[in-house]
file protein11.pdb (PDB, C-alpha atoms, pLDDT in the B column)
ATOM      1  CA  MET O  42      26.470 -23.025  -5.569  1.00 96.00           C
ATOM      2  CA  ILE O  43      24.404 -22.747  -2.422  1.00 95.00           C
ATOM      3  CA  THR O  44      20.770 -21.876  -1.922  1.00 95.00           C
ATOM      4  CA  LEU O  45      20.017 -18.789   0.115  1.00 89.00           C
ATOM      5  CA  PRO O  46      16.496 -19.095   1.524  1.00 90.00           C
ATOM      6  CA  ILE O  47      14.522 -15.863   1.538  1.00 90.00           C
ATOM      7  CA  THR O  48      11.501 -16.043   3.794  1.00 90.00           C
ATOM      8  CA  PRO O  49       9.232 -13.007   3.882  1.00 92.00           C
ATOM      9  CA  THR O  50       6.937 -12.659   6.871  1.00 95.00           C
ATOM     10  CA  ILE O  51       3.375 -11.911   5.869  1.00 97.00           C
ATOM     11  CA  TYR O  52       0.583 -12.286   8.386  1.00 98.00           C
ATOM     12  CA  GLN O  53      -2.960 -13.166   7.326  1.00 98.00           C
ATOM     13  CA  CYS O  54      -5.839 -12.071   9.513  1.00 98.00           C
ATOM     14  CA  GLN O  55      -9.426 -10.897   9.546  1.00 97.00           C
ATOM     15  CA  PRO O  56     -10.226  -7.183   9.907  1.00 96.00           C
ATOM     16  CA  GLU O  57     -11.637  -7.690  13.400  1.00 96.00           C
ATOM     17  CA  GLU O  58      -8.196  -8.905  14.533  1.00 98.00           C
ATOM     18  CA  LEU O  59      -6.677  -5.515  13.671  1.00 98.00           C
ATOM     19  CA  SER O  60      -6.487  -2.455  15.885  1.00 98.00           C
ATOM     20  CA  SER O  61      -9.080   0.287  15.495  1.00 97.00           C
ATOM     21  CA  GLU O  62      -6.356   2.493  13.948  1.00 97.00           C
ATOM     22  CA  GLU O  63      -5.582  -0.193  11.340  1.00 98.00           C
ATOM     23  CA  ARG O  64      -9.294  -0.711  10.562  1.00 98.00           C
ATOM     24  CA  GLN O  65      -9.732   3.056  10.168  1.00 98.00           C
ATOM     25  CA  LEU O  66      -6.868   3.133   7.664  1.00 98.00           C
ATOM     26  CA  ILE O  67      -8.361   0.218   5.712  1.00 98.00           C
ATOM     27  CA  ASP O  68     -11.754   1.969   5.684  1.00 98.00           C
ATOM     28  CA  MET O  69     -10.086   5.066   4.214  1.00 98.00           C
ATOM     29  CA  ALA O  70      -8.370   2.945   1.551  1.00 98.00           C
ATOM     30  CA  ILE O  71     -11.697   1.322   0.659  1.00 98.00           C
ATOM     31  CA  SER O  72     -13.372   4.741   0.502  1.00 98.00           C
ATOM     32  CA  SER O  73     -10.551   6.007  -1.716  1.00 98.00           C
ATOM     33  CA  THR O  74     -11.322   3.306  -4.314  1.00 98.00           C
ATOM     34  CA  GLU O  75     -14.513   5.242  -5.043  1.00 98.00           C
ATOM     35  CA  LYS O  76     -12.505   8.360  -5.932  1.00 98.00           C
ATOM     36  CA  SER O  77     -10.258   6.493  -8.358  1.00 98.00           C
ATOM     37  CA  TYR O  78     -10.198   7.482 -12.025  1.00 98.00           C
ATOM     38  CA  ALA O  79      -9.814   4.225 -13.956  1.00 97.00           C
ATOM     39  CA  PRO O  80     -11.718   4.511 -17.264  1.00 96.00           C
ATOM     40  CA  TYR O  81      -9.302   2.146 -19.053  1.00 95.00           C
ATOM     41  CA  SER O  82      -8.573  -0.715 -16.655  1.00 95.00           C
ATOM     42  CA  HIS O  83     -11.762  -0.355 -14.580  1.00 96.00           C
ATOM     43  CA  PHE O  84      -9.592  -1.521 -11.649  1.00 97.00           C
ATOM     44  CA  HIS O  85     -10.048   1.000  -8.862  1.00 98.00           C
ATOM     45  CA  VAL O  86      -7.342   1.091  -6.201  1.00 98.00           C
ATOM     46  CA  GLY O  87      -7.381   3.103  -2.991  1.00 98.00           C
ATOM     47  CA  ALA O  88      -4.655   3.710  -0.459  1.00 98.00           C
ATOM     48  CA  ALA O  89      -4.416   5.416   2.895  1.00 98.00           C
ATOM     49  CA  LEU O  90      -1.219   6.483   4.613  1.00 98.00           C
ATOM     50  CA  LEU O  91      -0.824   7.191   8.337  1.00 98.00           C
ATOM     51  CA  LEU O  92       1.947   9.640   9.179  1.00 98.00           C
ATOM     52  CA  SER O  93       3.936   9.912  12.405  1.00 98.00           C
ATOM     53  CA  ASP O  94       2.102  13.135  13.307  1.00 98.00           C
ATOM     54  CA  GLY O  95      -1.271  11.347  13.103  1.00 98.00           C
ATOM     55  CA  THR O  96      -2.237  12.770   9.695  1.00 98.00           C
ATOM     56  CA  LEU O  97      -4.128  10.440   7.360  1.00 98.00           C
ATOM     57  CA  VAL O  98      -3.427  10.871   3.653  1.00 98.00           C
ATOM     58  CA  PRO O  99      -5.704   9.174   1.083  1.00 98.00           C
ATOM     59  CA  GLY O 100      -4.642   8.182  -2.403  1.00 98.00           C
ATOM     60  CA  CYS O 101      -6.229   6.548  -5.439  1.00 98.00           C
ATOM     61  CA  ASN O 102      -5.122   5.502  -8.885  1.00 98.00           C
ATOM     62  CA  GLN O 103      -5.436   8.039 -11.691  1.00 98.00           C
ATOM     63  CA  GLU O 104      -5.299   6.698 -15.229  1.00 97.00           C
ATOM     64  CA  ASN O 105      -4.580   8.561 -18.434  1.00 95.00           C
ATOM     65  CA  ALA O 106      -4.891   7.644 -22.115  1.00 93.00           C
ATOM     66  CA  ALA O 107      -1.121   8.152 -22.266  1.00 92.00           C
ATOM     67  CA  PHE O 108      -0.566   5.226 -19.894  1.00 83.00           C
ATOM     68  CA  PRO O 109       2.776   6.303 -18.409  1.00 85.00           C
ATOM     69  CA  ALA O 110       1.121   9.540 -17.301  1.00 91.00           C
ATOM     70  CA  GLY O 111      -1.120   7.763 -14.776  1.00 95.00           C
ATOM     71  CA  LEU O 112      -0.334   7.186 -11.114  1.00 97.00           C
ATOM     72  CA  CYS O 113      -0.967   4.313  -8.715  1.00 98.00           C
ATOM     73  CA  ALA O 114      -2.874   4.812  -5.454  1.00 98.00           C
ATOM     74  CA  GLU O 115       0.130   4.049  -3.275  1.00 98.00           C
ATOM     75  CA  ARG O 116       2.371   6.608  -4.954  1.00 98.00           C
ATOM     76  CA  SER O 117      -0.488   9.104  -5.012  1.00 98.00           C
ATOM     77  CA  ALA O 118      -0.716   8.941  -1.204  1.00 98.00           C
ATOM     78  CA  ILE O 119       3.047   8.842  -0.597  1.00 98.00           C
ATOM     79  CA  PHE O 120       3.776  11.767  -2.917  1.00 98.00           C
ATOM     80  CA  ALA O 121       0.902  13.842  -1.491  1.00 98.00           C
ATOM     81  CA  ALA O 122       2.261  13.210   2.014  1.00 98.00           C
ATOM     82  CA  GLY O 123       5.759  14.183   0.902  1.00 98.00           C
ATOM     83  CA  ALA O 124       4.483  17.428  -0.604  1.00 98.00           C
ATOM     84  CA  GLN O 125       2.193  18.404   2.286  1.00 98.00           C
ATOM     85  CA  HIS O 126       3.980  16.881   5.301  1.00 98.00           C
ATOM     86  CA  PRO O 127       7.637  16.431   4.269  1.00 97.00           C
ATOM     87  CA  ASP O 128       8.940  15.887   7.807  1.00 97.00           C
ATOM     88  CA  ALA O 129       6.302  13.400   8.981  1.00 98.00           C
ATOM     89  CA  ALA O 130       7.394   9.801   8.540  1.00 98.00           C
ATOM     90  CA  PRO O 131       4.910   7.363   7.016  1.00 98.00           C
ATOM     91  CA  VAL O 132       4.029   4.760   9.639  1.00 98.00           C
ATOM     92  CA  MET O 133       1.396   2.588   7.987  1.00 98.00           C
ATOM     93  CA  LEU O 134      -0.085   2.109   4.494  1.00 98.00           C
ATOM     94  CA  ALA O 135      -3.376   0.378   3.659  1.00 98.00           C
ATOM     95  CA  ILE O 136      -4.358  -0.700   0.139  1.00 98.00           C
ATOM     96  CA  ALA O 137      -7.723  -1.892  -1.197  1.00 98.00           C
ATOM     97  CA  ALA O 138      -9.097  -2.435  -4.696  1.00 98.00           C
ATOM     98  CA  ARG O 139     -12.321  -2.920  -6.628  1.00 98.00           C
ATOM     99  CA  ASN O 140     -12.408  -5.278  -9.594  1.00 96.00           C
ATOM    100  CA  THR O 141     -13.896  -4.540 -13.021  1.00 95.00           C
ATOM    101  CA  ALA O 142     -17.348  -5.440 -11.647  1.00 96.00           C
ATOM    102  CA  GLY O 143     -16.953  -2.699  -9.025  1.00 96.00           C
ATOM    103  CA  GLU O 144     -16.725  -5.167  -6.133  1.00 98.00           C
ATOM    104  CA  LEU O 145     -13.982  -5.161  -3.532  1.00 98.00           C
ATOM    105  CA  THR O 146     -11.441  -7.801  -4.497  1.00 98.00           C
ATOM    106  CA  HIS O 147     -11.789 -11.209  -2.871  1.00 98.00           C
ATOM    107  CA  ASP O 148      -8.062 -11.491  -2.200  1.00 98.00           C
ATOM    108  CA  PRO O 149      -5.685  -8.694  -1.210  1.00 98.00           C
ATOM    109  CA  VAL O 150      -3.818  -6.912  -4.005  1.00 97.00           C
ATOM    110  CA  SER O 151      -0.196  -5.922  -3.651  1.00 96.00           C
ATOM    111  CA  PRO O 152       1.706  -2.867  -4.892  1.00 97.00           C
ATOM    112  CA  CYS O 153       3.285  -2.940  -8.346  1.00 96.00           C
ATOM    113  CA  GLY O 154       7.067  -3.003  -8.668  1.00 93.00           C
ATOM    114  CA  THR O 155       7.357   0.749  -9.129  1.00 95.00           C
ATOM    115  CA  CYS O 156       5.292   1.395  -5.994  1.00 97.00           C
ATOM    116  CA  ARG O 157       7.379  -1.146  -4.086  1.00 96.00           C
ATOM    117  CA  GLN O 158      10.525   0.770  -5.024  1.00 94.00           C
ATOM    118  CA  VAL O 159       8.924   4.078  -3.952  1.00 96.00           C
ATOM    119  CA  ILE O 160       7.957   2.514  -0.612  1.00 97.00           C
ATOM    120  CA  ILE O 161      11.524   1.246  -0.204  1.00 96.00           C
ATOM    121  CA  GLU O 162      12.869   4.733  -0.927  1.00 96.00           C
ATOM    122  CA  THR O 163      10.444   6.198   1.618  1.00 97.00           C
ATOM    123  CA  GLU O 164      11.486   3.675   4.262  1.00 96.00           C
ATOM    124  CA  THR O 165      15.133   4.486   3.504  1.00 95.00           C
ATOM    125  CA  ARG O 166      14.522   8.236   3.700  1.00 96.00           C
ATOM    126  CA  PHE O 167      12.906   7.989   7.128  1.00 97.00           C
ATOM    127  CA  LYS O 168      15.025   5.030   8.304  1.00 95.00           C
ATOM    128  CA  ARG O 169      12.026   3.001   9.429  1.00 96.00           C
ATOM    129  CA  PRO O 170       9.762   0.342   7.952  1.00 96.00           C
ATOM    130  CA  ILE O 171       6.191   1.137   6.957  1.00 98.00           C
ATOM    131  CA  ARG O 172       3.564  -1.327   8.211  1.00 98.00           C
ATOM    132  CA  ILE O 173       1.547  -2.464   5.184  1.00 98.00           C
ATOM    133  CA  LEU O 174      -2.073  -3.672   5.208  1.00 98.00           C
ATOM    134  CA  LEU O 175      -3.384  -5.301   2.026  1.00 98.00           C
ATOM    135  CA  TYR O 176      -7.170  -5.641   2.189  1.00 98.00           C
ATOM    136  CA  GLY O 177      -9.288  -8.318   0.520  1.00 98.00           C
ATOM    137  CA  GLN O 178     -12.795  -9.494   1.379  1.00 98.00           C
ATOM    138  CA  ARG O 179     -11.418 -12.923   2.319  1.00 98.00           C
ATOM    139  CA  CYS O 180      -8.613 -11.625   4.556  1.00 98.00           C
ATOM    140  CA  VAL O 181      -6.033  -8.936   5.190  1.00 98.00           C
ATOM    141  CA  TYR O 182      -2.311  -9.425   4.642  1.00 98.00           C
ATOM    142  CA  VAL O 183      -0.141  -7.543   7.118  1.00 98.00           C
ATOM    143  CA  MET O 184       3.604  -7.009   6.888  1.00 98.00           C
ATOM    144  CA  ASP O 185       6.111  -4.924   8.761  1.00 97.00           C
ATOM    145  CA  GLY O 186       7.933  -3.287   5.883  1.00 96.00           C
ATOM    146  CA  ILE O 187       8.115  -3.576   2.113  1.00 95.00           C
ATOM    147  CA  LYS O 188      11.165  -5.845   2.218  1.00 92.00           C
ATOM    148  CA  ASN O 189       8.705  -8.671   2.855  1.00 93.00           C
ATOM    149  CA  LEU O 190       7.435  -8.122  -0.703  1.00 93.00           C
ATOM    150  CA  MET O 191      10.777  -7.144  -2.198  1.00 91.00           C
ATOM    151  CA  PRO O 192      13.532  -8.766  -0.114  1.00 88.00           C
ATOM    152  CA  LEU O 193      16.454  -8.051  -2.462  1.00 85.00           C
ATOM    153  CA  SER O 194      15.738  -4.376  -2.688  1.00 81.00           C
ATOM    154  CA  PHE O 195      17.880  -1.591  -4.056  1.00 74.00           C
ATOM    155  CA  THR O 196      18.622   0.302  -0.840  1.00 71.00           C
ATOM    156  CA  GLU O 197      21.100   0.729   1.979  1.00 67.00           C
ATOM    157  CA  PHE O 198      18.473   0.702   4.797  1.00 60.00           C
TER     158      PHE O 198
END
call {"tool": "encode", "arguments": {"input": "protein11.pdb", "output": "structure tokens"}}
result
Amino acid sequence: MITLPITPTIYQCQPEELSSEERQLIDMAISSTEKSYAPYSHFHVGAALLLSDGTLVPGCNQENAAFPAGLCAERSAIFAAGAQHPDAAPVMLAIAARNTAGELTHDPVSPCGTCRQVIIETETRFKRPIRILLYGQRCVYVMDGIKNLMPLSFTEF
């Protein structure tokens, strides 16, 4: 048996190190946390998706008493983009969250497994990685594609 090292590349930076376009996307994700409907978890997540045509698509989590009927912020944005702009490739996705106290999280939060698979499918569909920005008050994690969070993904891309 041999060990196969898997080394994801995740950059850590401060918001001021990002481009104005990246900061704008993070600001939209933060703003989207305020539109979240999370009466059960009280964990409000916002997302913002930049498309290749310059369109910005917000998303936020939507909970439901029948828990499988809810939707995460990331999928909310990706599915809205797919419905409204089916030919525009997603270029960049920003994610932010507020904790149960209503404060922006100290550390960045990452997409759940289901959202990771949806992002992989979206990257596969458009044959290009999506730059991902995970916001936290302490720092921002930046990665060039979801494979950095899910390296052994179920895809051909």
call {"tool": "residues_near_point", "arguments": {"input": "protein11.pdb", "point": "(-1.3, -11.2, 8.5)", "cutoff": "8 Å", "atoms": "only C-alpha atoms", "output": "PyMOL selection string"}}
result
chain O and resi 51-54+181-184
call {"tool": "resolve_selection", "arguments": {"input": "protein11.pdb", "expression": "the PyMOL selection byres ((chain O and resi 167-171) around 9)", "output": "list in words"}}
result
Asp128, Ala129, Ala130, Pro131, Val132, Met133, Leu134, Ile160, Ile161, Glu162, Thr163, Glu164, Thr165, Arg166, Arg172, Ile173, Met184, Asp185, Gly186, Ile187, Lys188 and Phe198 of chain O
call {"tool": "write_last_selection", "arguments": {"input": "protein11.pdb", "atoms": "C-alpha atoms", "output": "PDB file, in the frame of the given file"}}
result
ATOM      1  CA  ASP O 128       8.940  15.887   7.807  1.00 97.00           C
ATOM      2  CA  ALA O 129       6.302  13.400   8.981  1.00 98.00           C
ATOM      3  CA  ALA O 130       7.394   9.801   8.540  1.00 98.00           C
ATOM      4  CA  PRO O 131       4.910   7.363   7.016  1.00 98.00           C
ATOM      5  CA  VAL O 132       4.029   4.760   9.639  1.00 98.00           C
ATOM      6  CA  MET O 133       1.396   2.588   7.987  1.00 98.00           C
ATOM      7  CA  LEU O 134      -0.085   2.109   4.494  1.00 98.00           C
ATOM      8  CA  ILE O 160       7.957   2.514  -0.612  1.00 97.00           C
ATOM      9  CA  ILE O 161      11.524   1.246  -0.204  1.00 96.00           C
ATOM     10  CA  GLU O 162      12.869   4.733  -0.927  1.00 96.00           C
ATOM     11  CA  THR O 163      10.444   6.198   1.618  1.00 97.00           C
ATOM     12  CA  GLU O 164      11.486   3.675   4.262  1.00 96.00           C
ATOM     13  CA  THR O 165      15.133   4.486   3.504  1.00 95.00           C
ATOM     14  CA  ARG O 166      14.522   8.236   3.700  1.00 96.00           C
ATOM     15  CA  ARG O 172       3.564  -1.327   8.211  1.00 98.00           C
ATOM     16  CA  ILE O 173       1.547  -2.464   5.184  1.00 98.00           C
ATOM     17  CA  MET O 184       3.604  -7.009   6.888  1.00 98.00           C
ATOM     18  CA  ASP O 185       6.111  -4.924   8.761  1.00 97.00           C
ATOM     19  CA  GLY O 186       7.933  -3.287   5.883  1.00 96.00           C
ATOM     20  CA  ILE O 187       8.115  -3.576   2.113  1.00 95.00           C
ATOM     21  CA  LYS O 188      11.165  -5.845   2.218  1.00 92.00           C
ATOM     22  CA  PHE O 198      18.473   0.702   4.797  1.00 60.00           C
TER      23      PHE O 198
END
call {"tool": "atom_distance", "arguments": {"input": "protein11.pdb", "atom1": "atom CA of O:Ile136", "atom2": "atom CA of O:Leu175"}}
result
5.1 Å
call {"tool": "closest_residue", "arguments": {"input": "protein11.pdb", "among": "O:Arg157, O:Arg179, O:His85, O:His126", "to": "O:Glu144", "atoms": "all atoms listed in the file"}}
result
O:His85
call {"tool": "resolve_selection", "arguments": {"input": "protein11.pdb", "expression": "the PyMOL selection byres ((chain O and resi 100) around 9)", "output": "short mmCIF file (atom, residue, chain, number, x, y, z; two decimals) with C-alpha atoms, keeping the file's coordinate frame"}}
result
data_model
loop_
_atom_site.label_atom_id
_atom_site.label_comp_id
_atom_site.auth_asym_id
_atom_site.auth_seq_id
_atom_site.Cartn_x
_atom_site.Cartn_y
_atom_site.Cartn_z
CA ALA O 70 -8.37 2.94 1.55
CA SER O 73 -10.55 6.01 -1.72
CA THR O 74 -11.32 3.31 -4.31
CA LYS O 76 -12.50 8.36 -5.93
CA SER O 77 -10.26 6.49 -8.36
CA VAL O 86 -7.34 1.09 -6.20
CA GLY O 87 -7.38 3.10 -2.99
CA ALA O 88 -4.66 3.71 -0.46
CA ALA O 89 -4.42 5.42 2.90
CA LEU O 90 -1.22 6.48 4.61
CA VAL O 98 -3.43 10.87 3.65
CA PRO O 99 -5.70 9.17 1.08
CA CYS O 101 -6.23 6.55 -5.44
CA ASN O 102 -5.12 5.50 -8.88
CA CYS O 113 -0.97 4.31 -8.72
CA ALA O 114 -2.87 4.81 -5.45
CA GLU O 115 0.13 4.05 -3.28
CA ARG O 116 2.37 6.61 -4.95
CA SER O 117 -0.49 9.10 -5.01
CA ALA O 118 -0.72 8.94 -1.20
CA ILE O 119 3.05 8.84 -0.60
CA ALA O 121 0.90 13.84 -1.49
#
call {"tool": "closest_residue", "arguments": {"input": "protein11.pdb", "among": "O:Ala137, O:Leu66, O:Ala79, O:Ala124", "to": "O:Gly111", "atoms": "only C-alpha atoms"}}
result
O:Ala79
call {"tool": "residues_around", "arguments": {"input": "protein11.pdb", "residues": "O:Asp148", "least_positions_apart": "5", "cutoff": "7 Å", "atoms": "only C-alpha atoms", "output": "list in words"}}
result
Gly177, Gln178, Arg179 and Cys180 of chain O
call {"tool": "closest_residue", "arguments": {"input": "protein11.pdb", "among": "O:Tyr176, O:Gly123, O:Val159, O:Pro80", "to": "O:His147", "atoms": "all atoms listed in the file"}}
result
O:Tyr176
